[in-house]
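Trainee: I am attaching a structure below and will ask some questions about it afterwards.
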Amino acid sequence: MKMWQDLLKHAIIGSQHGAGLPPLGPAALQQRQQHWQSLSHELQLLNALALVAAYRAVGQTTTTTIAEPPAISNAETHAFISASIQSRLQRYLQEQNHGLIKEALALLAAKQQILTPDILAEFLAWCASNRADAVQVRAVIGQRGLWLCAQNPDWERLLGLAAEDSNAWQSAHGPARLSLFGQALQADFANTLAQLPIVWPSENAKDRLALLEALGDHLNADALPFLQTLHTDRSQPVREKATQWLVKLHDPDTTALLQDTLKAILSIHKPLLGKPQLQVQLPDNLSETWKKRGIQEKLDYLPMAAEKIGAKAGWLYQWLGLCYPLQLAQNLDLSVEKLADAASRSDFANVLLNGLDAGAALHGCTAWLPPRFASLEAKQRSAWLQRFGGTFPLASLEPLVIAHLKELKGREAGTFMFGLAHQQKNLSGPFALALIETMLAAAQEDNGRYLFDRNALAQLAFKLPLADYPMINQRLKQSDTPYFSELITHFSQRHVLHQELAHD
Amino acid sequence: MNREQILALAPDAASISAAKPLCNAKTWPTLGFSARAVWGEYKGSGSKPYQTRIDLHGNAFKCSCPSRKFPCKHGLALYLLYAEDIASFSQTDTGPAWVSEWLAGRDGKTEAKKAAVKDKPVDAKAQAKRQQQRDAEMSQGVAELALWLEDLVRIGFAELPAKPLRYWDTLAARMVDAKLPGLTVRIKKLSGLLLQKGDNLSAFAEEIARLHLLVQAFSQRGQLPVESQADLQQLLGIPLREDEVLKTTPVTDTWTVLASRDSEDNALITREVWLLGEANGRFAKLLQFAHASQRQTLTSWLIGNRIHGAVHFYPSANPLRAVLGDCQADPATATVPLPNHFPLWQDYPQLKIRNPWLTLYPVIIAKTMPCYQNDRLYLRNDDGEALAVDTRQMPPWALLALSGGEAVTVFGEWDGQCLQALGVWHPHGYALLARTVSL
């Protein structure tokens, strides 16, 4: 309104600098203005401001025109969750119980049920700070959720909805992108792999490495041609990871190069007296071929052991980290037990054994574990088992764990099992029961309550097998230890959630 | 009390997290309850267990732990346990001595307070003298404000951003001295307006215009209608006692709780509860205040609660604020009925004519389609006319999700330009949109 703008100009510059007020537009206001002529300039201006402000507020049109009605969400094809599940999910959100939210989302996706519109926005907002769960959220938002994401570009990008389903990962960001990439690989490996060389040049080193790591969960021989092109990648960690995947897939070139290299530097020395030992003859320089394959020229520390290491010993460690221990034993004409024994007698024992550990972990060589375990001193075994806890299936470690557990007592056993369980995604029934027993025993000792972190106990509840819920729950409740309430609460909440969804 | 209501008593989120692990009956060697109280002893890290007790009449807590939070985690955990696992509690007519002594002490204090109010003789002469003194102080305060406003337009708004904070604070403090707390708040807001982005000088000028109108109205207050005088008093911050409001003629209806929202400003919690009369289609707004540490003293209403009975409105040209009179509350129901008639946004100019200082007024916008365009939310009617929705305190997504592009009926507060959406009737029922606002 021009009249208001004129008055505002007067007020901004001040009555001491400005000229007299202009007559107000409408006749009714002018009539009122006539009454103030005798007043000071300031009062006249204040009166005019008050009058016009009220006039504006009463008469102004505050609406706008939107010609086209909004698009309407498509009809849902899946069933909505029940009211009780909805209130349960709202409670989890309110309590920031991320573990249960994730579990509930996975269960709902499996049951092909979708979230009701009442809680859609809350869940999409939750997903923005839990991007790794974008795939699960995407599966349960239904048509209404897709419609809502179309209104919000941030959510659209987060869930990768801008592109077609199979290419959704390309437009998503961060952890959400990786989970969508993993899903795309699972759904259509060949097509997803074909997209990789297209996006590769525009990705930064960190993202290229992350995509390559994600590819590792779905490796098969079809990936070889793409991986072979990565020797020219700009980033050393990317080249290193590509080489690991190539040896894992038994790429002929890389495997032959590795075997030739190891053959040149490793040999068995059989003394007249005593047992054979592994001798190492390291080269003076690292070849360009290996540099292109991501071997680091100077590895300052032995990974996992945090020990200083020389440059050449670092090469040895990295080569062994690529090799399959059984293949190496065969090449040296030894059994795997003798290989472990010969390595432990070498001047490079620490590097050799740690390198073979890494190689075994890369190839999933469980045959390496018993002889390596036997070569360890008793006090080293807990840390070693925990280190490999997340790499190998628990079933392959269980005999070693049971053997080691016999050597431990009280709090040592409790913390060892707790640490080992922390590495696992899921626990078997017998392992879970053994774990509970050792933890309960440890908690009875002095200051036992401080052994177990509350958050870690809550996480453990999501790994315990629900099939053994009655037995585990009964055992936990039988004990008089009050320190595991977090574990009991979360485990029982999980149980209730599964029960309710099963009967829904 | 349900779990949500108990958790609403927590002083902060950390207390809720700390209380959860304690919700295990095993950690409480003693648990008991009576018709009046709940109590328990918690085995903490100290040599003696902590003694925790709750007075169910008024949700008062006491605990022997050293925590300065109120209620502490033990109090919250005990209440949660009582609500969800009452089987673990033993019922008795009277609690142990440490509970009954505390309850007796509380009763004694309440009685003493009541007696003090009742027994205090009213000295009419002194009261008139106090009122006269207050009127004089207020008149002096308003005169100072009038002079200050004139100064403001003399020097010009362009000079104001350079003024130090004390320029505003000094006058605000003077208004406190002059017993005009309502004006203090408005003056403090003025300096904030200057710092805002956008068309801040226009908004500033509007606020100055309203203040000037207030000054003029104060000088002619004797000639104003009674309702406008009441509005003026409320703007100046002169409170009307609840017992006086209860003497006004009540409005009887079945009132449905449409929304409840808490806001916090400098540790002062304000709870606003909107009621809608089913038969008369009138809105009533209940206001409660408490210090953040006394949050539990506020009455919690659930959306869909029905209140049958009398509501007394504060005198006003547009009566809205109210207190409950003789009434009875029903538990919350899943359905919230929409009355046949209700205040519309088109009524706002008329309301504004009656009270030029009116800011927000509750309205219902029926059968409207929420549209999100250019980062703004609108409510579009069939003919294409659209109203803007304020999304600064409430993101637009919940409302959009509930509509899915279809027409819904929205309840909110309208300020003449923008709607603050509070609730929505959608195809599956009624949903609340905003719960808490941080000022």
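If you're wondering about the labels, chains in the structure tokens are A, B, ... by order shown, residues count from 1 in each chain, ligands from 1 in order shown.
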Excluding segment 253-261 of chain A and residues on its chain fewer than 2 positions from it, collect all residues at most 10 Å away from it, counting only C-alpha atoms, and give them as a list in words.

Mentor: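 My reading of the contact set: Gln228, Thr243, Gln244, Leu246, Val247, Lys248, Leu249, His250, Asp251, Lys263, Ala264, Ile265, Leu266, Leu282, Pro283, Thr289, Trp290, Arg293, Leu316, Trp319, Leu320, Leu322, Cys323, Tyr324, Gln327, Leu328 and Asn331 of chain A.
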
Trainee: So that I can see what lies close to Glu159 of chain B, please list as number ranges by chain the residues with an atom at most 10 Å from it, counting only C-alpha atoms and leaving out residues fewer than 3 positions away in the same chain.

Mentor: A: 12-14; B: 152, 155-156, 162-163

Trainee: I'd like the neighbourhood of segment 187-191 of chain B as number ranges by chain, where a residue qualifies if any of its atoms comes within 7 Å (using only C-alpha atoms), though same-chain residues fewer than 4 positions away should be ignored.

Mentor: B: 168, 172, 183, 195, 204

Trainee: Residues of chain B that have any atom at most 8 Å from an atom of chain A: could you tabulate them with the shortest-distance atom pair and the distance in Å to one decimal, using only C-alpha atoms, ordered by chain and increasing number, as a Markdown table?

Mentor:
| residue | atom | partner | partner_atom | distance |
| --- | --- | --- | --- | --- |
| B:Pro21 | CA | A:Glu486 | CA | 5.7 |
| B:Leu22 | CA | A:Ser485 | CA | 7.7 |
| B:Asn24 | CA | A:Ser485 | CA | 6.6 |
| B:Lys26 | CA | A:Pro482 | CA | 6.5 |
| B:Thr27 | CA | A:Pro482 | CA | 6.0 |
| B:Glu150 | CA | A:Glu42 | CA | 5.4 |
| B:Asp151 | CA | A:Glu42 | CA | 7.8 |
| B:Leu152 | CA | A:Gly14 | CA | 7.8 |
| B:Val153 | CA | A:Gly14 | CA | 5.2 |
| B:Arg154 | CA | A:Ser15 | CA | 4.6 |
| B:Ile155 | CA | A:Gly14 | CA | 4.8 |
| B:Gly156 | CA | A:Gly14 | CA | 3.4 |
| B:Phe157 | CA | A:Ile12 | CA | 4.3 |
| B:Ala158 | CA | A:Ile12 | CA | 5.1 |
| B:Leu201 | CA | A:Leu8 | CA | 8.0 |
| B:Ser202 | CA | A:Leu8 | CA | 6.9 |
| B:Ala205 | CA | A:Leu8 | CA | 7.0 |
| B:Glu206 | CA | A:Ala53 | CA | 6.2 |
| B:Ile208 | CA | A:Leu46 | CA | 7.9 |
| B:Ala209 | CA | A:Ala50 | CA | 4.2 |
| B:Arg210 | CA | A:Ala50 | CA | 6.3 |
| B:His212 | CA | A:Leu46 | CA | 6.6 |
| B:Leu213 | CA | A:Ala50 | CA | 6.1 |
| B:Tyr348 | CA | A:Val58 | CA | 8.0 |
| B:Pro349 | CA | A:Val58 | CA | 4.6 |
| B:Gln350 | CA | A:Val58 | CA | 7.5 |
| B:Lys352 | CA | A:Val58 | CA | 6.5 |
| B:Ile353 | CA | A:Val58 | CA | 6.9 |
| B:Pro356 | CA | A:Ala54 | CA | 6.6 |
| B:Met369 | CA | A:Pro70 | CA | 7.4 |
| B:Pro370 | CA | A:Pro70 | CA | 7.7 |
| B:Cys371 | CA | A:Pro70 | CA | 5.8 |
| B:Tyr372 | CA | A:Gln151 | CA | 6.8 |
| B:Arg380 | CA | A:Ile66 | CA | 7.0 |
| B:Gly384 | CA | A:Ile66 | CA | 5.0 |
| B:Glu385 | CA | A:Thr65 | CA | 4.7 |
| B:Ala386 | CA | A:Thr64 | CA | 5.1 |
| B:Leu387 | CA | A:Thr63 | CA | 5.1 |
| B:Ala388 | CA | A:Thr63 | CA | 7.3 |
| B:Trp397 | CA | A:Ala121 | CA | 5.6 |
| B:Ala398 | CA | A:Ala121 | CA | 5.3 |
| B:Leu400 | CA | A:Leu148 | CA | 6.9 |
| B:Ala401 | CA | A:Pro117 | CA | 5.4 |
| B:Leu402 | CA | A:Pro117 | CA | 5.2 |
| B:Gly404 | CA | A:Ser73 | CA | 5.2 |
| B:Gly405 | CA | A:Ile72 | CA | 4.3 |
| B:Glu406 | CA | A:Ile72 | CA | 6.3 |
| B:Gly416 | CA | A:Thr62 | CA | 7.0 |
| B:Gln417 | CA | A:Thr62 | CA | 5.3 |
| B:Ala431 | CA | A:Asp118 | CA | 7.5 |

Trainee: Go ahead and save the residues from that selection, with N, CA and C atoms, as a tab-separated table (two decimals), in the first residue's frame.

Mentor:
chain	number	residue	atom	x	y	z
B	21	PRO	N	16.60	-47.15	32.90
B	21	PRO	CA	17.20	-48.36	33.47
B	21	PRO	C	16.72	-48.67	34.89
B	22	LEU	N	16.19	-47.67	35.55
B	22	LEU	CA	15.74	-47.88	36.94
B	22	LEU	C	14.33	-48.47	37.01
B	24	ASN	N	13.03	-51.14	36.89
B	24	ASN	CA	13.16	-52.58	37.08
B	24	ASN	C	12.86	-52.84	38.55
B	26	LYS	N	13.34	-55.11	40.44
B	26	LYS	CA	14.40	-55.77	41.22
B	26	LYS	C	15.30	-54.79	41.96
B	27	THR	N	15.44	-53.60	41.37
B	27	THR	CA	16.35	-52.63	41.98
B	27	THR	C	15.68	-51.83	43.11
B	150	GLU	N	7.49	9.64	20.66
B	150	GLU	CA	7.67	10.87	19.88
B	150	GLU	C	9.14	11.08	19.53
B	151	ASP	N	10.00	10.82	20.49
B	151	ASP	CA	11.46	10.91	20.25
B	151	ASP	C	11.88	10.01	19.11
B	152	LEU	N	11.30	8.81	19.12
B	152	LEU	CA	11.65	7.77	18.15
B	152	LEU	C	11.35	8.22	16.72
B	153	VAL	N	10.17	8.79	16.52
B	153	VAL	CA	9.82	9.22	15.15
B	153	VAL	C	10.51	10.55	14.81
B	154	ARG	N	10.94	11.28	15.84
B	154	ARG	CA	11.66	12.53	15.55
B	154	ARG	C	13.04	12.20	14.98
B	155	ILE	N	13.76	11.28	15.66
B	155	ILE	CA	15.13	10.97	15.18
B	155	ILE	C	15.08	10.06	13.95
B	156	GLY	N	14.03	9.29	13.80
B	156	GLY	CA	13.89	8.41	12.62
B	156	GLY	C	14.34	6.99	12.92
B	157	PHE	N	13.69	6.03	12.30
B	157	PHE	CA	14.01	4.61	12.54
B	157	PHE	C	15.41	4.25	12.03
B	158	ALA	N	15.91	5.02	11.04
B	158	ALA	CA	17.21	4.69	10.46
B	158	ALA	C	18.32	4.76	11.49
B	201	LEU	N	11.51	-3.14	9.02
B	201	LEU	CA	11.14	-1.78	9.41
B	201	LEU	C	9.63	-1.57	9.32
B	202	SER	N	9.00	-2.25	8.38
B	202	SER	CA	7.54	-2.14	8.28
B	202	SER	C	6.90	-2.79	9.50
B	205	ALA	N	7.39	-0.53	12.40
B	205	ALA	CA	6.48	0.61	12.36
B	205	ALA	C	5.08	0.20	12.81
B	206	GLU	N	4.68	-1.02	12.44
B	206	GLU	CA	3.35	-1.49	12.86
B	206	GLU	C	3.29	-1.62	14.37
B	208	ILE	N	5.12	0.02	16.53
B	208	ILE	CA	5.13	1.39	17.09
B	208	ILE	C	3.71	1.97	17.01
B	209	ALA	N	3.04	1.71	15.89
B	209	ALA	CA	1.67	2.21	15.72
B	209	ALA	C	0.75	1.62	16.78
B	210	ARG	N	0.93	0.32	17.05
B	210	ARG	CA	0.07	-0.32	18.07
B	210	ARG	C	0.36	0.25	19.45
B	212	HIS	N	1.45	3.26	20.11
B	212	HIS	CA	0.90	4.62	20.15
B	212	HIS	C	-0.62	4.56	20.40
B	213	LEU	N	-1.26	3.60	19.72
B	213	LEU	CA	-2.70	3.42	19.90
B	213	LEU	C	-3.02	3.05	21.36
B	348	TYR	N	-11.92	-12.42	10.68
B	348	TYR	CA	-10.82	-11.75	11.38
B	348	TYR	C	-10.91	-10.21	11.34
B	349	PRO	N	-11.20	-9.58	10.17
B	349	PRO	CA	-11.29	-8.10	10.17
B	349	PRO	C	-12.28	-7.57	11.20
B	350	GLN	N	-13.42	-8.24	11.33
B	350	GLN	CA	-14.41	-7.81	12.33
B	350	GLN	C	-13.83	-7.90	13.75
B	352	LYS	N	-10.75	-7.75	14.50
B	352	LYS	CA	-9.68	-6.75	14.60
B	352	LYS	C	-10.27	-5.36	14.84
B	353	ILE	N	-11.45	-5.11	14.29
B	353	ILE	CA	-12.10	-3.81	14.52
B	353	ILE	C	-12.46	-3.69	16.01
B	356	PRO	N	-8.12	-3.70	18.15
B	356	PRO	CA	-7.07	-3.42	17.15
B	356	PRO	C	-5.72	-4.05	17.50
B	369	MET	N	-6.93	-27.64	0.47
B	369	MET	CA	-5.87	-28.53	0.01
B	369	MET	C	-4.51	-27.91	0.33
B	370	PRO	N	-3.72	-28.55	1.20
B	370	PRO	CA	-2.38	-28.02	1.46
B	370	PRO	C	-1.51	-28.16	0.21
B	371	CYS	N	-0.86	-27.06	-0.18
B	371	CYS	CA	0.02	-27.06	-1.36
B	371	CYS	C	1.38	-26.52	-0.92
B	372	TYR	N	2.43	-27.16	-1.38
B	372	TYR	CA	3.78	-26.68	-1.05
B	372	TYR	C	4.40	-26.12	-2.32
B	380	ARG	N	-5.14	-24.16	-0.13
B	380	ARG	CA	-5.84	-23.72	-1.34
B	380	ARG	C	-7.30	-24.18	-1.30
B	384	GLY	N	-9.16	-21.67	-6.01
B	384	GLY	CA	-7.77	-21.27	-6.25
B	384	GLY	C	-7.24	-20.26	-5.25
B	385	GLU	N	-8.11	-19.72	-4.40
B	385	GLU	CA	-7.67	-18.76	-3.38
B	385	GLU	C	-6.85	-19.52	-2.31
B	386	ALA	N	-5.69	-18.97	-1.97
B	386	ALA	CA	-4.82	-19.72	-1.05
B	386	ALA	C	-4.33	-18.85	0.10
B	387	LEU	N	-4.29	-19.46	1.29
B	387	LEU	CA	-3.81	-18.76	2.48
B	387	LEU	C	-2.43	-19.29	2.83
B	388	ALA	N	-1.56	-18.39	3.27
B	388	ALA	CA	-0.19	-18.81	3.64
B	388	ALA	C	-0.21	-19.46	5.02
B	397	TRP	N	5.61	-30.78	6.66
B	397	TRP	CA	5.52	-32.16	6.15
B	397	TRP	C	4.41	-32.98	6.79
B	398	ALA	N	4.18	-32.77	8.09
B	398	ALA	CA	3.15	-33.58	8.75
B	398	ALA	C	1.78	-33.30	8.13
B	400	LEU	N	1.17	-32.04	5.11
B	400	LEU	CA	1.15	-32.55	3.73
B	400	LEU	C	0.95	-34.06	3.72
B	401	ALA	N	1.65	-34.76	4.63
B	401	ALA	CA	1.55	-36.23	4.66
B	401	ALA	C	0.11	-36.65	4.95
B	402	LEU	N	-0.54	-35.93	5.84
B	402	LEU	CA	-1.91	-36.31	6.19
B	402	LEU	C	-2.90	-36.02	5.06
B	404	GLY	N	-2.01	-35.69	1.56
B	404	GLY	CA	-1.68	-36.41	0.32
B	404	GLY	C	-2.28	-35.72	-0.90
B	405	GLY	N	-2.47	-34.41	-0.81
B	405	GLY	CA	-3.01	-33.66	-1.94
B	405	GLY	C	-4.54	-33.57	-1.91
B	406	GLU	N	-5.18	-34.31	-1.00
B	406	GLU	CA	-6.65	-34.27	-0.89
B	406	GLU	C	-7.06	-33.13	0.04
B	416	GLY	N	-4.21	-12.74	10.42
B	416	GLY	CA	-4.58	-11.79	9.39
B	416	GLY	C	-3.77	-11.97	8.12
B	417	GLN	N	-2.61	-12.64	8.26
B	417	GLN	CA	-1.77	-12.84	7.09
B	417	GLN	C	-1.35	-14.30	6.92
B	431	ALA	N	-5.75	-35.13	13.86
B	431	ALA	CA	-4.37	-35.25	14.33
B	431	ALA	C	-3.85	-33.89	14.76

Trainee: Find the residues around Thr366 of chain A up to 12 Å (only C-alpha atoms counted), leave out those fewer than 2 positions away in its own chain, and share them as a PyMOL selection string.

Mentor: chain A and resi 324-326+336+356-364+368-373+388+391-400

Trainee: Could you save the residues just selected, with C-alpha atoms, as a short mmCIF file (atom, residue, chain, number, x, y, z; two decimals), in the first residue's frame?

Mentor:
data_model
loop_
_atom_site.label_atom_id
_atom_site.label_comp_id
_atom_site.auth_asym_id
_atom_site.auth_seq_id
_atom_site.Cartn_x
_atom_site.Cartn_y
_atom_site.Cartn_z
CA TYR A 324 45.58 -67.31 0.58
CA PRO A 325 47.50 -69.12 3.38
CA LEU A 326 46.61 -72.60 2.12
CA VAL A 336 49.22 -75.10 7.05
CA LEU A 356 48.98 -64.31 7.03
CA ASP A 357 46.21 -63.38 9.49
CA ALA A 358 45.18 -60.55 7.16
CA GLY A 359 45.34 -62.89 4.15
CA ALA A 360 43.22 -65.47 5.95
CA ALA A 361 40.72 -62.79 6.83
CA LEU A 362 40.54 -61.57 3.21
CA HIS A 363 39.97 -65.04 1.80
CA GLY A 364 37.93 -66.40 4.73
CA TRP A 368 44.50 -71.05 9.19
CA LEU A 369 42.81 -70.34 12.52
CA PRO A 370 43.63 -73.49 14.62
CA PRO A 371 47.38 -73.56 13.89
CA ARG A 372 47.64 -69.81 14.32
CA PHE A 373 45.70 -70.02 17.59
CA PHE A 388 38.92 -61.91 14.16
CA THR A 391 35.74 -61.34 10.16
CA PHE A 392 34.97 -65.02 10.41
CA PRO A 393 31.65 -66.75 11.03
CA LEU A 394 31.21 -67.36 14.71
CA ALA A 395 30.74 -71.08 14.09
CA SER A 396 34.33 -71.39 12.84
CA LEU A 397 35.64 -69.57 15.91
CA GLU A 398 33.48 -71.38 18.46
CA PRO A 399 35.82 -74.36 19.11
CA LEU A 400 38.70 -71.94 19.71
#

Trainee: What residues in segment 91-318 of chain A get the DSSP label helix (DSSP H, G or I)? Please answer as number ranges by chain.

Mentor: A: 91-94, 98-111, 117-128, 131-140, 142-151, 153-158, 165-171, 174-187, 189-202, 205-218, 221-232, 236-248, 252-265, 288-292, 311-318

Trainee: So how far away is atom CA of Trp169 of chain A from atom CA of Lys241 of chain A, in Å?

Mentor: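 So the answer is 20.8 Å.
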
Trainee: Do you know which residues are at most 9 Å from Thr94 of chain B counting only C-alpha atoms, after dropping those on the same chain fewer than 4 positions away, and could you put them as a ChimeraX atom specification?

Mentor: /B:33-37,99-100

Trainee: Hey, can you spit out that residue selection with all heavy atoms as a PDB file, in the first residue's frame?

Mentor:
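Saved as selection-v1.pdb:
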ATOM      1  N   PHE B  33       2.085 -48.576  47.557  1.00  0.00           N
ATOM      2  CA  PHE B  33       1.210 -47.471  47.197  1.00  0.00           C
ATOM      3  C   PHE B  33      -0.048 -47.485  48.041  1.00  0.00           C
ATOM      4  O   PHE B  33      -0.432 -48.511  48.612  1.00  0.00           O
ATOM      5  CB  PHE B  33       0.857 -47.500  45.704  1.00  0.00           C
ATOM      6  CG  PHE B  33      -0.152 -48.554  45.313  1.00  0.00           C
ATOM      7  CD1 PHE B  33      -1.489 -48.205  45.106  1.00  0.00           C
ATOM      8  CD2 PHE B  33       0.228 -49.875  45.134  1.00  0.00           C
ATOM      9  CE1 PHE B  33      -2.417 -49.166  44.721  1.00  0.00           C
ATOM     10  CE2 PHE B  33      -0.695 -50.843  44.762  1.00  0.00           C
ATOM     11  CZ  PHE B  33      -2.018 -50.493  44.554  1.00  0.00           C
ATOM     12  N   SER B  34      -0.642 -46.316  48.158  1.00  0.00           N
ATOM     13  CA  SER B  34      -1.936 -46.178  48.823  1.00  0.00           C
ATOM     14  C   SER B  34      -2.812 -45.333  47.898  1.00  0.00           C
ATOM     15  O   SER B  34      -2.381 -44.993  46.797  1.00  0.00           O
ATOM     16  CB  SER B  34      -1.758 -45.484  50.178  1.00  0.00           C
ATOM     17  OG  SER B  34      -1.306 -44.167  49.968  1.00  0.00           O
ATOM     18  N   ALA B  35      -3.996 -44.989  48.376  1.00  0.00           N
ATOM     19  CA  ALA B  35      -4.865 -44.169  47.520  1.00  0.00           C
ATOM     20  C   ALA B  35      -4.251 -42.794  47.294  1.00  0.00           C
ATOM     21  O   ALA B  35      -4.528 -42.137  46.292  1.00  0.00           O
ATOM     22  CB  ALA B  35      -6.221 -44.023  48.194  1.00  0.00           C
ATOM     23  N   ARG B  36      -3.391 -42.386  48.203  1.00  0.00           N
ATOM     24  CA  ARG B  36      -2.849 -41.024  48.148  1.00  0.00           C
ATOM     25  C   ARG B  36      -1.443 -40.965  47.543  1.00  0.00           C
ATOM     26  O   ARG B  36      -1.085 -39.993  46.880  1.00  0.00           O
ATOM     27  CB  ARG B  36      -2.844 -40.482  49.591  1.00  0.00           C
ATOM     28  CG  ARG B  36      -2.108 -39.182  49.803  1.00  0.00           C
ATOM     29  CD  ARG B  36      -2.962 -38.020  49.367  1.00  0.00           C
ATOM     30  NE  ARG B  36      -2.208 -36.789  49.312  1.00  0.00           N
ATOM     31  CZ  ARG B  36      -2.023 -35.981  50.338  1.00  0.00           C
ATOM     32  NH1 ARG B  36      -2.570 -36.254  51.508  1.00  0.00           N
ATOM     33  NH2 ARG B  36      -1.325 -34.868  50.202  1.00  0.00           N
ATOM     34  N   ALA B  37      -0.629 -41.999  47.817  1.00  0.00           N
ATOM     35  CA  ALA B  37       0.794 -41.855  47.475  1.00  0.00           C
ATOM     36  C   ALA B  37       1.404 -43.155  46.940  1.00  0.00           C
ATOM     37  O   ALA B  37       0.837 -44.234  47.086  1.00  0.00           O
ATOM     38  CB  ALA B  37       1.567 -41.394  48.712  1.00  0.00           C
ATOM     39  N   VAL B  99       6.894 -41.625  54.621  1.00  0.00           N
ATOM     40  CA  VAL B  99       5.933 -41.173  53.604  1.00  0.00           C
ATOM     41  C   VAL B  99       4.814 -40.379  54.268  1.00  0.00           C
ATOM     42  O   VAL B  99       4.493 -39.264  53.850  1.00  0.00           O
ATOM     43  CB  VAL B  99       5.346 -42.374  52.825  1.00  0.00           C
ATOM     44  CG1 VAL B  99       4.299 -41.905  51.824  1.00  0.00           C
ATOM     45  CG2 VAL B  99       6.447 -43.129  52.099  1.00  0.00           C
ATOM     46  N   SER B 100       4.265 -40.959  55.347  1.00  0.00           N
ATOM     47  CA  SER B 100       3.111 -40.290  55.980  1.00  0.00           C
ATOM     48  C   SER B 100       3.521 -38.948  56.590  1.00  0.00           C
ATOM     49  O   SER B 100       2.746 -37.988  56.558  1.00  0.00           O
ATOM     50  CB  SER B 100       2.458 -41.195  57.015  1.00  0.00           C
ATOM     51  OG  SER B 100       3.428 -41.770  57.830  1.00  0.00           O
TER      52      SER B 100
END

Trainee: Between A:Met3, A:Leu115, A:Leu501, A:Val238, which has the minimum distance to Glu76 of chain A (counting only C-alpha atoms)?

Mentor: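 Of the candidates, the smallest distance to Glu76 of chain A is held by A:Leu115.
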
Trainee: Using only C-alpha atoms, which of B:Ser228, B:Gln216, B:Asn280, B:Thr252 sits nearest Asn355 of chain B?

Mentor: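 With only C-alpha atoms as the atom set, the closest residue is B:Ser228.
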
Trainee: Here is a test: counting only C-alpha atoms, which residue of B:Glu272, B:Asp123, B:Glu264, B:Asp253 is nearest to Ile307 of chain B?

Mentor: B:Asp253

Trainee: Enumerate, as a VMD selection string, the complete set of residues in segment 132-336 of chain A that a backbone-based DSSP assignment places in strand (DSSP E).

Mentor: chain A and resid 266 to 269 277 to 280 301 to 302 307 to 308

Trainee: Need to verify the contact set: Glu41 of chain B, 8 Å, only C-alpha atoms, exclusion of same-chain residues closer than 3 positions in sequence. Can you return it as a PDB file with N, CA, C and O atoms, in the first residue's frame?

Mentor:
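Once written, out-v1.pdb looks like this:
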ATOM      1  N   TRP B  28      14.398 -52.131  43.363  1.00  0.00           N
ATOM      2  CA  TRP B  28      13.650 -51.425  44.400  1.00  0.00           C
ATOM      3  C   TRP B  28      13.282 -52.431  45.504  1.00  0.00           C
ATOM      4  O   TRP B  28      12.308 -53.185  45.339  1.00  0.00           O
ATOM      5  N   PRO B  29      14.021 -52.452  46.594  1.00  0.00           N
ATOM      6  CA  PRO B  29      13.698 -53.409  47.673  1.00  0.00           C
ATOM      7  C   PRO B  29      12.307 -53.178  48.255  1.00  0.00           C
ATOM      8  O   PRO B  29      11.648 -54.104  48.685  1.00  0.00           O
ATOM      9  N   THR B  30      11.864 -51.918  48.260  1.00  0.00           N
ATOM     10  CA  THR B  30      10.531 -51.602  48.790  1.00  0.00           C
ATOM     11  C   THR B  30       9.724 -50.870  47.732  1.00  0.00           C
ATOM     12  O   THR B  30      10.223 -49.906  47.144  1.00  0.00           O
ATOM     13  N   LEU B  31       8.520 -51.339  47.511  1.00  0.00           N
ATOM     14  CA  LEU B  31       7.619 -50.636  46.593  1.00  0.00           C
ATOM     15  C   LEU B  31       6.220 -50.702  47.188  1.00  0.00           C
ATOM     16  O   LEU B  31       5.758 -51.788  47.555  1.00  0.00           O
ATOM     17  N   PRO B  49      19.579 -46.983  51.033  1.00  0.00           N
ATOM     18  CA  PRO B  49      18.755 -46.804  49.822  1.00  0.00           C
ATOM     19  C   PRO B  49      18.087 -45.429  49.811  1.00  0.00           C
ATOM     20  O   PRO B  49      17.796 -44.868  50.869  1.00  0.00           O
ATOM     21  N   TYR B  50      17.866 -44.921  48.587  1.00  0.00           N
ATOM     22  CA  TYR B  50      17.179 -43.636  48.466  1.00  0.00           C
ATOM     23  C   TYR B  50      15.683 -43.839  48.683  1.00  0.00           C
ATOM     24  O   TYR B  50      15.107 -44.796  48.170  1.00  0.00           O
ATOM     25  N   GLN B  51      15.118 -42.919  49.455  1.00  0.00           N
ATOM     26  CA  GLN B  51      13.671 -43.009  49.720  1.00  0.00           C
ATOM     27  C   GLN B  51      12.939 -42.048  48.777  1.00  0.00           C
ATOM     28  O   GLN B  51      13.134 -40.836  48.840  1.00  0.00           O
ATOM     29  N   THR B  52      12.128 -42.625  47.899  1.00  0.00           N
ATOM     30  CA  THR B  52      11.435 -41.822  46.881  1.00  0.00           C
ATOM     31  C   THR B  52       9.934 -41.916  47.136  1.00  0.00           C
ATOM     32  O   THR B  52       9.434 -43.008  47.418  1.00  0.00           O
TER      33      THR B  52
END
